[in-house]
file query-v3.pdb (PDB, C-alpha atoms)
ATOM      1  CA  MET S1052      94.375  93.472  67.044
ATOM      2  CA  LYS S1053      92.226  96.099  68.786
ATOM      3  CA  GLU S1054      92.867  94.497  72.148
ATOM      4  CA  LYS S1055      96.615  94.612  71.535
ATOM      5  CA  LEU S1056      96.421  98.279  70.508
ATOM      6  CA  LEU S1057      94.375  99.103  73.590
ATOM      7  CA  GLN S1058      96.761  97.294  75.904
ATOM      8  CA  VAL S1059      99.777  99.089  74.436
ATOM      9  CA  THR S1060      98.066 102.478  74.783
ATOM     10  CA  GLN S1061      97.064 101.805  78.366
ATOM     11  CA  PHE S1062     100.560 100.527  79.167
ATOM     12  CA  LYS S1063     102.206 103.684  77.776
ATOM     13  CA  ASP S1064      99.803 105.926  79.670
ATOM     14  CA  ARG S1065     100.348 104.105  82.966
ATOM     15  CA  LEU S1066     104.103 104.096  82.423
ATOM     16  CA  CYS S1067     104.174 107.870  81.883
ATOM     17  CA  ARG S1068     101.986 108.542  84.898
ATOM     18  CA  THR S1069     104.006 106.250  87.187
ATOM     19  CA  LEU S1070     107.349 107.655  86.074
ATOM     20  CA  LEU S1071     106.037 111.204  86.488
ATOM     21  CA  ARG S1072     105.048 110.484  90.071
ATOM     22  CA  VAL S1073     108.451 108.963  90.836
ATOM     23  CA  ASN S1074     110.093 111.948  89.132
ATOM     24  CA  TRP S1075     108.244 114.392  91.350
ATOM     25  CA  MET S1076     109.202 112.414  94.436
ATOM     26  CA  ILE S1077     112.869 112.662  93.399
ATOM     27  CA  ALA S1078     112.546 116.403  92.683
ATOM     28  CA  VAL S1079     111.027 117.007  96.135
ATOM     29  CA  ALA S1080     113.685 114.784  97.761
ATOM     30  CA  ALA S1081     116.379 116.843  96.006
ATOM     31  CA  MET S1082     114.915 119.973  97.611
ATOM     32  CA  LEU S1083     115.219 118.462 101.109
ATOM     33  CA  PRO S1084     118.507 120.200 102.102
ATOM     34  CA  VAL S1085     117.008 123.543 101.033
ATOM     35  CA  LEU S1086     113.800 122.862 102.925
ATOM     36  CA  PHE S1087     115.742 121.811 106.014
ATOM     37  CA  LYS S1088     117.853 124.954 105.932
ATOM     38  CA  ILE S1089     114.650 126.993 105.659
ATOM     39  CA  PHE S1090     113.255 125.057 108.608
ATOM     40  CA  VAL S1091     116.379 125.811 110.670
ATOM     41  CA  GLY S1092     116.069 129.492 109.710
ATOM     42  CA  VAL S1093     112.424 129.488 110.777
ATOM     43  CA  ALA S1094     113.434 127.769 114.031
ATOM     44  CA  PHE S1095     115.941 130.593 114.696
ATOM     45  CA  ILE S1096     113.277 133.215 114.060
ATOM     46  CA  GLY S1097     110.882 131.295 116.280
ATOM     47  CA  THR S1098     113.513 131.161 119.033
ATOM     48  CA  ALA S1099     114.032 134.924 118.756
ATOM     49  CA  LEU S1100     110.283 135.489 119.138
ATOM     50  CA  TYR S1101     110.164 133.077 122.067
ATOM     51  CA  LEU S1102     112.970 134.979 123.819
ATOM     52  CA  LEU S1103     111.194 138.273 123.150
ATOM     53  CA  ILE S1104     108.070 136.906 124.826
ATOM     54  CA  LEU S1105     110.146 135.761 127.798
ATOM     55  CA  ILE S1106     111.774 139.179 128.062
ATOM     56  CA  ALA S1107     108.368 140.848 127.892
ATOM     57  CA  ALA S1108     107.079 138.572 130.657
ATOM     58  CA  THR S1109     110.145 139.379 132.743
ATOM     59  CA  MET S1110     109.645 143.117 132.245
ATOM     60  CA  ILE S1111     105.946 142.959 133.095
ATOM     61  CA  THR S1112     106.777 141.218 136.393
ATOM     62  CA  LEU S1113     109.583 143.736 136.971
ATOM     63  CA  GLY S1114     112.183 140.956 136.947
ATOM     64  CA  LEU S1115     110.629 139.051 139.837
ATOM     65  CA  LEU S1116     110.248 135.929 137.680
ATOM     66  CA  LEU S1117     114.020 135.784 137.358
ATOM     67  CA  LEU S1118     114.184 134.719 140.995
ATOM     68  CA  ASN S1119     112.662 131.402 139.899
ATOM     69  CA  ASP S1120     115.262 128.822 138.715
ATOM     70  CA  SER S1121     112.833 127.092 136.374
ATOM     71  CA  PHE S1122     112.022 130.387 134.651
ATOM     72  CA  ARG S1123     115.707 131.243 134.264
ATOM     73  CA  ALA S1124     116.227 127.791 132.680
ATOM     74  CA  LEU S1125     113.711 128.746 129.968
ATOM     75  CA  TYR S1126     116.204 131.308 128.661
ATOM     76  CA  ARG S1127     118.640 128.526 127.767
ATOM     77  CA  VAL S1128     117.781 127.572 124.195
ATOM     78  CA  ASP S1129     120.132 125.271 122.296
ATOM     79  CA  LEU S1130     119.678 124.993 118.535
ATOM     80  CA  ASN S1131     123.058 123.352 117.940
ATOM     81  CA  GLY S1132     121.444 119.907 117.642
ATOM     82  CA  LEU S1133     119.186 121.095 114.851
ATOM     83  CA  GLN S1134     122.094 122.792 113.110
ATOM     84  CA  GLU S1135     124.153 119.572 113.319
ATOM     85  CA  VAL S1136     121.340 117.500 111.775
ATOM     86  CA  SER S1137     120.990 120.066 108.998
ATOM     87  CA  ASP S1138     124.745 119.931 108.283
ATOM     88  CA  GLN S1139     124.651 116.123 108.206
ATOM     89  CA  ILE S1140     121.803 116.154 105.692
ATOM     90  CA  VAL S1141     123.625 118.664 103.488
ATOM     91  CA  GLU S1142     126.778 116.495 103.663
ATOM     92  CA  ALA S1143     124.857 113.314 102.775
ATOM     93  CA  TYR S1144     123.407 115.042  99.735
ATOM     94  CA  ARG S1145     126.910 115.586  98.349
ATOM     95  CA  ILE S1146     126.739 111.977  97.076
ATOM     96  CA  LEU S1147     122.957 111.650  96.877
ATOM     97  CA  LEU S1148     122.178 114.705  94.762
ATOM     98  CA  PRO S1149     124.084 113.720  91.589
ATOM     99  CA  THR S1150     122.460 110.257  91.790
ATOM    100  CA  LEU S1151     118.990 111.748  92.173
ATOM    101  CA  ALA S1152     119.659 114.177  89.338
ATOM    102  CA  GLY S1153     120.755 111.342  87.062
ATOM    103  CA  ILE S1154     117.687 109.246  87.857
ATOM    104  CA  CYS S1155     115.369 112.235  87.377
ATOM    105  CA  VAL S1156     116.881 113.100  84.011
ATOM    106  CA  ALA S1157     116.680 109.455  82.871
ATOM    107  CA  LEU S1158     113.024 109.140  83.905
ATOM    108  CA  SER S1159     112.153 112.485  82.270
ATOM    109  CA  ALA S1160     113.824 111.336  79.057
ATOM    110  CA  ILE S1161     111.797 108.106  79.081
ATOM    111  CA  VAL S1162     108.534 109.970  79.668
ATOM    112  CA  LEU S1163     109.259 112.502  76.906
ATOM    113  CA  PHE S1164     110.296 109.719  74.531
ATOM    114  CA  VAL S1165     107.069 107.806  75.160
ATOM    115  CA  VAL S1166     104.925 110.958  74.885
ATOM    116  CA  PHE S1167     106.490 112.119  71.604
ATOM    117  CA  ARG S1168     106.508 108.637  70.078
ATOM    118  CA  ASN S1169     102.849 108.145  70.926
ATOM    119  CA  GLN S1170     101.319 110.391  68.289
ATOM    120  CA  ASP S1171      97.721 109.787  69.327
ATOM    121  CA  GLU S1172      98.321 110.734  72.948
ATOM    122  CA  ALA S1173      95.457 112.985  73.996
ATOM    123  CA  ARG S1174      96.897 114.450  77.178
ATOM    124  CA  LYS S1175     100.371 115.235  75.903
ATOM    125  CA  THR S1176     100.617 118.828  77.091
ATOM    126  CA  GLY S1177      99.927 118.047  80.736
ATOM    127  CA  LYS S1178     102.632 115.397  80.839
ATOM    128  CA  ILE S1179     105.194 117.602  79.118
ATOM    129  CA  VAL S1180     104.460 120.463  81.526
ATOM    130  CA  SER S1181     104.708 118.133  84.524
ATOM    131  CA  VAL S1182     108.074 116.744  83.380
ATOM    132  CA  SER S1183     109.410 120.225  82.709
ATOM    133  CA  LEU S1184     108.344 121.490  86.128
ATOM    134  CA  SER S1185     109.886 118.542  87.958
ATOM    135  CA  VAL S1186     113.179 119.021  86.094
ATOM    136  CA  LEU S1187     113.023 122.742  86.910
ATOM    137  CA  VAL S1188     112.570 121.983  90.612
ATOM    138  CA  LEU S1189     115.539 119.611  90.467
ATOM    139  CA  LEU S1190     117.704 122.186  88.680
ATOM    140  CA  THR S1191     116.760 124.778  91.307
ATOM    141  CA  ALA S1192     117.803 122.360  94.056
ATOM    142  CA  LEU S1193     121.106 121.671  92.267
ATOM    143  CA  LEU S1194     121.778 125.370  91.760
ATOM    144  CA  LEU S1195     121.066 126.225  95.380
ATOM    145  CA  TYR S1196     123.187 123.354  96.638
ATOM    146  CA  TYR S1197     126.265 123.770  94.453
ATOM    147  CA  SER S1198     126.317 127.554  94.572
ATOM    148  CA  LYS S1199     126.735 127.154  98.354
ATOM    149  CA  ILE S1200     123.715 129.341  99.040
ATOM    150  CA  ILE S1201     122.562 126.684 101.522
TER     151      ILE S1201
ATOM    152  CA  MET L 582      84.094 114.293  59.644
ATOM    153  CA  LYS L 583      84.587 115.964  63.029
ATOM    154  CA  ILE L 584      82.832 114.274  65.909
ATOM    155  CA  TYR L 585      83.076 115.878  69.305
ATOM    156  CA  LEU L 586      83.469 113.739  72.370
ATOM    157  CA  ILE L 587      82.090 114.718  75.754
ATOM    158  CA  ASN L 588      83.278 113.102  78.951
ATOM    159  CA  ARG L 589      85.315 110.488  77.110
ATOM    160  CA  ALA L 590      87.676 109.555  79.999
ATOM    161  CA  ASP L 591      89.264 106.169  79.212
ATOM    162  CA  ILE L 592      87.129 105.127  76.252
ATOM    163  CA  PHE L 593      88.872 104.654  72.911
ATOM    164  CA  LEU L 594      87.383 104.983  69.466
ATOM    165  CA  PHE L 595      88.153 102.754  66.541
ATOM    166  CA  ALA L 596      87.292 102.963  62.866
ATOM    167  CA  GLY L 597      87.764  99.394  61.696
ATOM    168  CA  ASP L 598      91.052  98.213  63.172
ATOM    169  CA  LYS L 599      92.502 101.691  63.389
ATOM    170  CA  LYS L 600      92.502 103.587  66.676
ATOM    171  CA  LEU L 601      91.419 107.143  66.052
ATOM    172  CA  LYS L 602      93.574 110.007  67.274
ATOM    173  CA  ILE L 603      91.906 112.227  69.840
ATOM    174  CA  GLU L 604      92.451 115.909  69.084
ATOM    175  CA  ARG L 605      91.665 118.923  71.231
ATOM    176  CA  GLU L 606      90.076 122.174  70.178
ATOM    177  CA  ASN L 607      89.051 124.952  72.575
ATOM    178  CA  GLY L 608      89.058 122.519  75.490
ATOM    179  CA  ARG L 609      86.876 119.979  73.666
ATOM    180  CA  GLU L 610      87.999 116.598  72.416
ATOM    181  CA  TYR L 611      87.127 115.430  68.932
ATOM    182  CA  ILE L 612      87.997 112.805  66.366
ATOM    183  CA  ASP L 613      88.305 113.095  62.628
ATOM    184  CA  ALA L 614      86.161 110.113  61.665
ATOM    185  CA  PRO L 615      86.663 108.643  58.184
ATOM    186  CA  VAL L 616      83.572 108.542  55.975
ATOM    187  CA  LEU L 617      83.079 105.282  54.099
ATOM    188  CA  PRO L 618      82.287 105.198  50.337
ATOM    189  CA  ASP L 619      78.621 104.587  51.134
ATOM    190  CA  GLY L 620      78.499 107.848  53.125
ATOM    191  CA  LYS L 621      78.375 106.186  56.509
ATOM    192  CA  ILE L 622      80.700 106.487  59.502
ATOM    193  CA  VAL L 623      81.206 103.283  61.423
ATOM    194  CA  LEU L 624      82.908 103.614  64.795
ATOM    195  CA  GLN L 625      83.509 101.398  67.765
ATOM    196  CA  ALA L 626      83.749 102.798  71.280
ATOM    197  CA  ILE L 627      85.698 100.435  73.466
ATOM    198  CA  ARG L 628      86.487 100.511  77.130
ATOM    199  CA  LYS L 629      88.442  97.651  78.602
ATOM    200  CA  PRO L 630      89.611  97.549  82.235
ATOM    201  CA  GLU L 631      93.388  97.267  82.485
ATOM    202  CA  LEU L 632      93.265  94.093  84.536
ATOM    203  CA  SER L 633      91.067  92.185  82.107
ATOM    204  CA  TYR L 634      93.942  91.107  79.846
ATOM    205  CA  ARG L 635      95.517  87.667  79.984
ATOM    206  CA  ASN L 636      98.957  88.752  81.237
ATOM    207  CA  TRP L 637      97.538  91.169  83.841
ATOM    208  CA  TRP L 638      99.766  89.780  86.607
ATOM    209  CA  LEU L 639     102.963  90.597  84.669
ATOM    210  CA  TYR L 640     101.683  94.061  83.847
ATOM    211  CA  SER L 641     100.730  94.849  87.446
ATOM    212  CA  ALA L 642     103.940  93.300  88.869
ATOM    213  CA  PHE L 643     106.022  95.462  86.526
ATOM    214  CA  PHE L 644     104.259  98.623  87.614
ATOM    215  CA  TRP L 645     104.379  97.604  91.273
ATOM    216  CA  ILE L 646     108.151  97.402  91.026
ATOM    217  CA  ILE L 647     108.781 100.582  89.045
ATOM    218  CA  GLY L 648     106.211 102.420  91.143
ATOM    219  CA  LEU L 649     108.342 101.626  94.227
ATOM    220  CA  LEU L 650     106.221  98.982  95.983
ATOM    221  CA  GLY L 651     103.197 100.185  94.055
ATOM    222  CA  LEU L 652     103.081 103.398  96.081
ATOM    223  CA  PHE L 653     103.576 105.653  93.063
ATOM    224  CA  THR L 654     101.523 103.619  90.628
ATOM    225  CA  PRO L 655      98.195 105.208  89.681
ATOM    226  CA  ARG L 656      95.300 103.268  91.155
ATOM    227  CA  TYR L 657      93.443 100.855  88.892
ATOM    228  CA  SER L 658      90.007 102.142  88.055
ATOM    229  CA  ARG L 659      87.262 100.938  90.389
ATOM    230  CA  PHE L 660      84.795 101.133  87.530
ATOM    231  CA  ASP L 661      84.905  97.459  86.528
ATOM    232  CA  TYR L 662      82.783  97.754  83.421
ATOM    233  CA  ALA L 663      83.632  97.076  79.812
ATOM    234  CA  LEU L 664      82.111  98.727  76.779
ATOM    235  CA  ASP L 665      82.072  97.622  73.167
ATOM    236  CA  CYS L 666      79.613  99.876  71.402
ATOM    237  CA  GLY L 667      79.117 100.028  67.660
ATOM    238  CA  ILE L 668      78.169 103.488  66.379
ATOM    239  CA  THR L 669      76.913 104.044  62.851
ATOM    240  CA  LEU L 670      76.426 107.655  61.752
ATOM    241  CA  ASP L 671      75.320 109.291  58.561
ATOM    242  CA  GLY L 672      78.332 111.109  57.080
ATOM    243  CA  GLY L 673      76.236 113.799  55.405
ATOM    244  CA  GLN L 674      75.087 115.540  58.583
ATOM    245  CA  THR L 675      75.490 119.310  58.605
ATOM    246  CA  GLN L 676      75.129 120.020  62.322
ATOM    247  CA  ASP L 677      77.800 119.420  64.959
ATOM    248  CA  VAL L 678      77.830 115.779  65.922
ATOM    249  CA  TRP L 679      78.830 114.866  69.419
ATOM    250  CA  LEU L 680      79.012 111.679  71.401
ATOM    251  CA  ARG L 681      78.424 111.943  75.112
ATOM    252  CA  PHE L 682      79.865 109.222  77.294
ATOM    253  CA  ASN L 683      78.427 108.268  80.603
ATOM    254  CA  HIS L 684      80.474 106.590  83.357
ATOM    255  CA  PHE L 685      77.659 105.238  85.419
ATOM    256  CA  ALA L 686      76.208 101.747  85.413
ATOM    257  CA  ASN L 687      73.054 101.143  87.364
ATOM    258  CA  ARG L 688      73.538  97.707  88.921
ATOM    259  CA  LYS L 689      70.622  97.909  91.283
ATOM    260  CA  ASN L 690      68.006  98.772  88.713
ATOM    261  CA  ALA L 691      67.009  96.310  85.965
ATOM    262  CA  ILE L 692      66.858  99.165  83.422
ATOM    263  CA  PRO L 693      70.330  99.621  81.944
ATOM    264  CA  VAL L 694      71.816 103.094  81.540
ATOM    265  CA  ALA L 695      73.133 104.022  78.111
ATOM    266  CA  ALA L 696      76.891 104.458  78.106
ATOM    267  CA  VAL L 697      76.889 106.435  74.863
ATOM    268  CA  THR L 698      74.382 108.984  73.636
ATOM    269  CA  VAL L 699      74.393 111.188  70.569
ATOM    270  CA  SER L 700      73.395 114.821  70.075
ATOM    271  CA  GLU L 701      69.756 115.575  69.420
ATOM    272  CA  GLY L 702      68.810 115.426  65.783
ATOM    273  CA  THR L 703      71.760 113.220  64.843
ATOM    274  CA  VAL L 704      71.001 110.253  62.633
ATOM    275  CA  ALA L 705      72.768 107.429  64.407
ATOM    276  CA  GLN L 706      72.494 103.781  65.255
ATOM    277  CA  LEU L 707      74.019 102.501  68.474
ATOM    278  CA  GLU L 708      74.639  98.824  69.093
ATOM    279  CA  ASN L 709      75.342  97.463  72.541
ATOM    280  CA  ALA L 710      75.590 100.904  74.152
ATOM    281  CA  VAL L 711      75.557  99.642  77.739
ATOM    282  CA  TYR L 712      78.359  98.777  80.108
ATOM    283  CA  MET L 713      78.930  95.114  80.903
ATOM    284  CA  TYR L 714      80.187  94.243  84.354
ATOM    285  CA  ASP L 715      83.625  92.649  84.195
ATOM    286  CA  LYS L 716      83.684  90.237  87.120
ATOM    287  CA  VAL L 717      87.161  88.959  86.273
ATOM    288  CA  SER L 718      88.675  92.431  86.331
ATOM    289  CA  ALA L 719      86.934  93.245  89.623
ATOM    290  CA  ARG L 720      88.274  90.089  91.249
ATOM    291  CA  ARG L 721      91.785  90.688  89.918
ATOM    292  CA  ARG L 722      91.778  94.236  91.255
ATOM    293  CA  LYS L 723      90.976  92.969  94.739
ATOM    294  CA  VAL L 724      93.633  90.240  94.447
ATOM    295  CA  TYR L 725      96.175  92.833  93.331
ATOM    296  CA  LYS L 726      95.328  95.095  96.264
ATOM    297  CA  LEU L 727      95.685  92.246  98.765
ATOM    298  CA  ILE L 728      98.940  90.916  97.350
ATOM    299  CA  SER L 729     100.312  94.439  97.011
ATOM    300  CA  TRP L 730      99.803  95.124 100.720
ATOM    301  CA  LEU L 731     101.185  91.723 101.750
ATOM    302  CA  MET L 732     104.271  92.274  99.609
ATOM    303  CA  ARG L 733     104.821  95.747 101.081
ATOM    304  CA  ILE L 734     104.688  94.335 104.603
ATOM    305  CA  ALA L 735     107.029  91.509 103.578
ATOM    306  CA  VAL L 736     109.553  93.908 102.018
ATOM    307  CA  ILE L 737     109.487  96.251 105.022
ATOM    308  CA  ALA L 738     109.881  93.296 107.403
ATOM    309  CA  ALA L 739     112.785  91.961 105.316
ATOM    310  CA  VAL L 740     114.523  95.353 105.312
ATOM    311  CA  CYS L 741     114.082  95.672 109.093
ATOM    312  CA  LEU L 742     115.504  92.176 109.560
ATOM    313  CA  ILE L 743     118.519  92.993 107.408
ATOM    314  CA  ILE L 744     119.152  96.179 109.381
ATOM    315  CA  ILE L 745     118.843  94.379 112.720
ATOM    316  CA  LEU L 746     121.068  91.500 111.651
TER     317      LEU L 746
END
call {"tool": "encode", "arguments": {"input": "query-v3.pdb", "output": "structure tokens"}}
result
Amino acid sequence: MKEKLLQVTQFKDRLCRTLLRVNWMIAVAAMLPVLFKIFVGVAFIGTALYLLILIAATMITLGLLLLNDSFRALYRVDLNGLQEVSDQIVEAYRILLPTLAGICVALSAIVLFVVFRNQDEARKTGKIVSVSLSVLVLLTALLLYYSKII
Amino acid sequence: MKIYLINRADIFLFAGDKKLKIERENGREYIDAPVLPDGKIVLQAIRKPELSYRNWWLYSAFFWIIGLLGLFTPRYSRFDYALDCGITLDGGQTQDVWLRFNHFANRKNAIPVAAVTVSEGTVAQLENAVYMYDKVSARRRKVYKLISWLMRIAVIAAVCLIIIL
């Protein structure tokens, strides 16, 4: 009897913890288009800084470095490849995002159901907070994606 | 009667066949232990490794699958010790009663370390308050780890083969 009770308790706890981890993975995966767009933005800023440094180097040498073909080639920076990859990821998420959202919501519902049904759960608050945060992250990703901000 | 629990971790408390609910107050855990008609409180502190049950393979296979090749499944505790301690307390005590749990088992030394201790001045009787090494659970944990890795390699190899073909 006690052994059965113990096993059930341990099973519920492990189930909640596993599903929470999977939930967080899905929430982070849903944020991928946003993160990639941020990365592309950072790459653009980085390129601007890189060009500034090149210009500064050119000015310091009074333009003499421009006589060198290899140095002139450094001015050619192409970020189109990165932009294309970013657009492909955003396009792929058109189908992927609703699926991820559905799975996340289903897993969150299971975790909350198990937590609220298990009246003698000691660490309830932590699990509820974790589920809520992961759903919030997912909703943020959905909002940013479908409002065409990214 | 309120009994505070310190460093409980994964130990469960029973009063008879009933598992006691763990409450929290100001960051401390406690149980509301029932007092028997004779004025005594009889508790049982039990710790049982998850892989010590008969159907452990089904349990671990289930979580390996839902944890996506076991990558998102919480690790099974490396502390392969079981506890089944009987605690008898006097229900008429006026001071705060607390039970402190220890998660250390001294294998090298012949002198066993008490897994459960009570607060100073508490009238209590502890039976079997030491951890017992669970060899079966330890072996199963290693078997699980080995099979888990082999299965991951097999699944990845299968997926690569499918992609290539």
call {"tool": "closest_atom_pairs", "arguments": {"input": "query-v3.pdb", "of": "chain S", "to": "chain L", "cutoff": "9 Å", "atoms": "all atoms listed in the file", "output": "Markdown table"}}
result
| residue | atom | partner | partner_atom | distance |
| --- | --- | --- | --- | --- |
| S:Met1052 | CA | L:Asp598 | CA | 7.0 |
| S:Lys1053 | CA | L:Asp598 | CA | 6.1 |
| S:Glu1054 | CA | L:Lys629 | CA | 8.4 |
| S:Leu1056 | CA | L:Lys600 | CA | 7.6 |
| S:Leu1057 | CA | L:Phe593 | CA | 7.8 |
| S:Gln1058 | CA | L:Glu631 | CA | 7.4 |
| S:Gln1061 | CA | L:Glu631 | CA | 7.1 |
| S:Phe1062 | CA | L:Tyr640 | CA | 8.1 |
| S:Arg1065 | CA | L:Pro655 | CA | 7.1 |
| S:Leu1066 | CA | L:Phe644 | CA | 7.5 |
| S:Arg1068 | CA | L:Pro655 | CA | 7.0 |
| S:Thr1069 | CA | L:Thr654 | CA | 5.0 |
| S:Leu1070 | CA | L:Gly648 | CA | 7.4 |
| S:Leu1071 | CA | L:Phe653 | CA | 8.9 |
| S:Arg1072 | CA | L:Phe653 | CA | 5.9 |
| S:Val1073 | CA | L:Phe653 | CA | 6.3 |
| S:Met1076 | CA | L:Phe653 | CA | 8.9 |
| S:Gln1170 | CA | L:Lys602 | CA | 7.8 |
| S:Asp1171 | CA | L:Lys602 | CA | 4.6 |
| S:Glu1172 | CA | L:Ile603 | CA | 7.3 |
| S:Ala1173 | CA | L:Ile603 | CA | 5.5 |
call {"tool": "write_last_selection", "arguments": {"input": "query-v3.pdb", "atoms": "C-alpha atoms", "output": "compact mmCIF listing (two decimals), keeping the file's coordinate frame"}}
result
# COMPACT_ATOMS: atom_id res chain seq x y z
CA MET S 1052 94.38 93.47 67.04
CA LYS S 1053 92.23 96.10 68.79
CA GLU S 1054 92.87 94.50 72.15
CA LEU S 1056 96.42 98.28 70.51
CA LEU S 1057 94.38 99.10 73.59
CA GLN S 1058 96.76 97.29 75.90
CA GLN S 1061 97.06 101.80 78.37
CA PHE S 1062 100.56 100.53 79.17
CA ARG S 1065 100.35 104.10 82.97
CA LEU S 1066 104.10 104.10 82.42
CA ARG S 1068 101.99 108.54 84.90
CA THR S 1069 104.01 106.25 87.19
CA LEU S 1070 107.35 107.66 86.07
CA LEU S 1071 106.04 111.20 86.49
CA ARG S 1072 105.05 110.48 90.07
CA VAL S 1073 108.45 108.96 90.84
CA MET S 1076 109.20 112.41 94.44
CA GLN S 1170 101.32 110.39 68.29
CA ASP S 1171 97.72 109.79 69.33
CA GLU S 1172 98.32 110.73 72.95
CA ALA S 1173 95.46 112.98 74.00
call {"tool": "residues_around", "arguments": {"input": "query-v3.pdb", "residues": "Phe682 in chain L", "least_positions_apart": "5", "cutoff": "7 Å", "atoms": "all atoms listed in the file", "output": "JSON, numbers by chain"}}
result
{"L": [587, 588, 589, 696, 697, 698]}
call {"tool": "atom_distance", "arguments": {"input": "query-v3.pdb", "atom1": "CA of Leu1190 in chain S", "atom2": "CA of Glu1142 in chain S"}}
result
18.4 Å
call {"tool": "closest_residue", "arguments": {"input": "query-v3.pdb", "among": "L:Cys666, L:Ile737, L:Gln676, L:Ile728", "to": "Ser641 in chain L", "atoms": "all atoms listed in the file"}}
result
L:Ile728
call {"tool": "closest_residue", "arguments": {"input": "query-v3.pdb", "among": "S:Val1186, S:Thr1060, S:Ser1137, S:Leu1116", "to": "Gly1153 in chain S", "atoms": "only C-alpha atoms"}}
result
S:Val1186
call {"tool": "atom_distance", "arguments": {"input": "query-v3.pdb", "atom1": "CA of Ile1111 in chain S", "atom2": "CA of Ile1096 in chain S"}}
result
22.6 Å
call {"tool": "resolve_selection", "arguments": {"input": "query-v3.pdb", "expression": "the PyMOL selection byres ((chain L and resi 625) around 6)", "output": "PyMOL selection string"}}
result
chain L and resi 594-595+624+626+666-668
call {"tool": "decode", "arguments": {"input": "query-v3.pdb", "residues": "range 1151-1168 of chain S", "atoms": "N, CA and C atoms", "output": "mmCIF file, in the first residue's frame"}}
result
data_model
loop_
_atom_site.group_PDB
_atom_site.id
_atom_site.type_symbol
_atom_site.label_atom_id
_atom_site.label_comp_id
_atom_site.auth_asym_id
_atom_site.auth_seq_id
_atom_site.Cartn_x
_atom_site.Cartn_y
_atom_site.Cartn_z
ATOM 1 N N LEU S 1151 3.913 23.888 -32.455
ATOM 2 C CA LEU S 1151 4.637 24.024 -31.189
ATOM 3 C C LEU S 1151 3.735 24.609 -30.099
ATOM 4 N N ALA S 1152 2.933 25.593 -30.512
ATOM 5 C CA ALA S 1152 2.023 26.228 -29.547
ATOM 6 C C ALA S 1152 1.020 25.210 -29.012
ATOM 7 N N GLY S 1153 0.486 24.403 -29.901
ATOM 8 C CA GLY S 1153 -0.471 23.366 -29.493
ATOM 9 C C GLY S 1153 0.133 22.369 -28.525
ATOM 10 N N ILE S 1154 1.356 21.934 -28.846
ATOM 11 C CA ILE S 1154 2.034 20.943 -27.977
ATOM 12 C C ILE S 1154 2.323 21.574 -26.610
ATOM 13 N N CYS S 1155 2.793 22.807 -26.629
ATOM 14 C CA CYS S 1155 3.126 23.507 -25.375
ATOM 15 C C CYS S 1155 1.895 23.653 -24.485
ATOM 16 N N VAL S 1156 0.799 24.060 -25.095
ATOM 17 C CA VAL S 1156 -0.444 24.238 -24.330
ATOM 18 C C VAL S 1156 -0.914 22.892 -23.753
ATOM 19 N N ALA S 1157 -0.832 21.844 -24.564
ATOM 20 C CA ALA S 1157 -1.251 20.507 -24.111
ATOM 21 C C ALA S 1157 -0.394 20.038 -22.937
ATOM 22 N N LEU S 1158 0.921 20.204 -23.054
ATOM 23 C CA LEU S 1158 1.824 19.777 -21.979
ATOM 24 C C LEU S 1158 1.591 20.605 -20.715
ATOM 25 N N SER S 1159 1.377 21.906 -20.883
ATOM 26 C CA SER S 1159 1.117 22.784 -19.725
ATOM 27 C C SER S 1159 -0.159 22.353 -19.022
ATOM 28 N N ALA S 1160 -1.172 22.014 -19.824
ATOM 29 C CA ALA S 1160 -2.452 21.570 -19.247
ATOM 30 C C ALA S 1160 -2.261 20.286 -18.443
ATOM 31 N N ILE S 1161 -1.466 19.369 -18.974
ATOM 32 C CA ILE S 1161 -1.210 18.102 -18.260
ATOM 33 C C ILE S 1161 -0.490 18.374 -16.945
ATOM 34 N N VAL S 1162 0.518 19.225 -16.994
ATOM 35 C CA VAL S 1162 1.293 19.530 -15.778
ATOM 36 C C VAL S 1162 0.392 20.182 -14.726
ATOM 37 N N LEU S 1163 -0.416 21.153 -15.157
ATOM 38 C CA LEU S 1163 -1.296 21.851 -14.206
ATOM 39 C C LEU S 1163 -2.342 20.894 -13.640
ATOM 40 N N PHE S 1164 -2.847 20.008 -14.483
ATOM 41 C CA PHE S 1164 -3.832 19.022 -14.037
ATOM 42 C C PHE S 1164 -3.226 18.126 -12.961
ATOM 43 N N VAL S 1165 -2.019 17.635 -13.223
ATOM 44 C CA VAL S 1165 -1.357 16.739 -12.265
ATOM 45 C C VAL S 1165 -1.048 17.489 -10.960
ATOM 46 N N VAL S 1166 -0.580 18.725 -11.094
ATOM 47 C CA VAL S 1166 -0.210 19.510 -9.894
ATOM 48 C C VAL S 1166 -1.448 19.784 -9.034
ATOM 49 N N PHE S 1167 -2.549 20.202 -9.673
ATOM 50 C CA PHE S 1167 -3.742 20.548 -8.891
ATOM 51 C C PHE S 1167 -4.470 19.316 -8.354
ATOM 52 N N ARG S 1168 -4.343 18.198 -9.051
ATOM 53 C CA ARG S 1168 -4.987 16.970 -8.578
ATOM 54 C C ARG S 1168 -4.234 16.388 -7.391
#
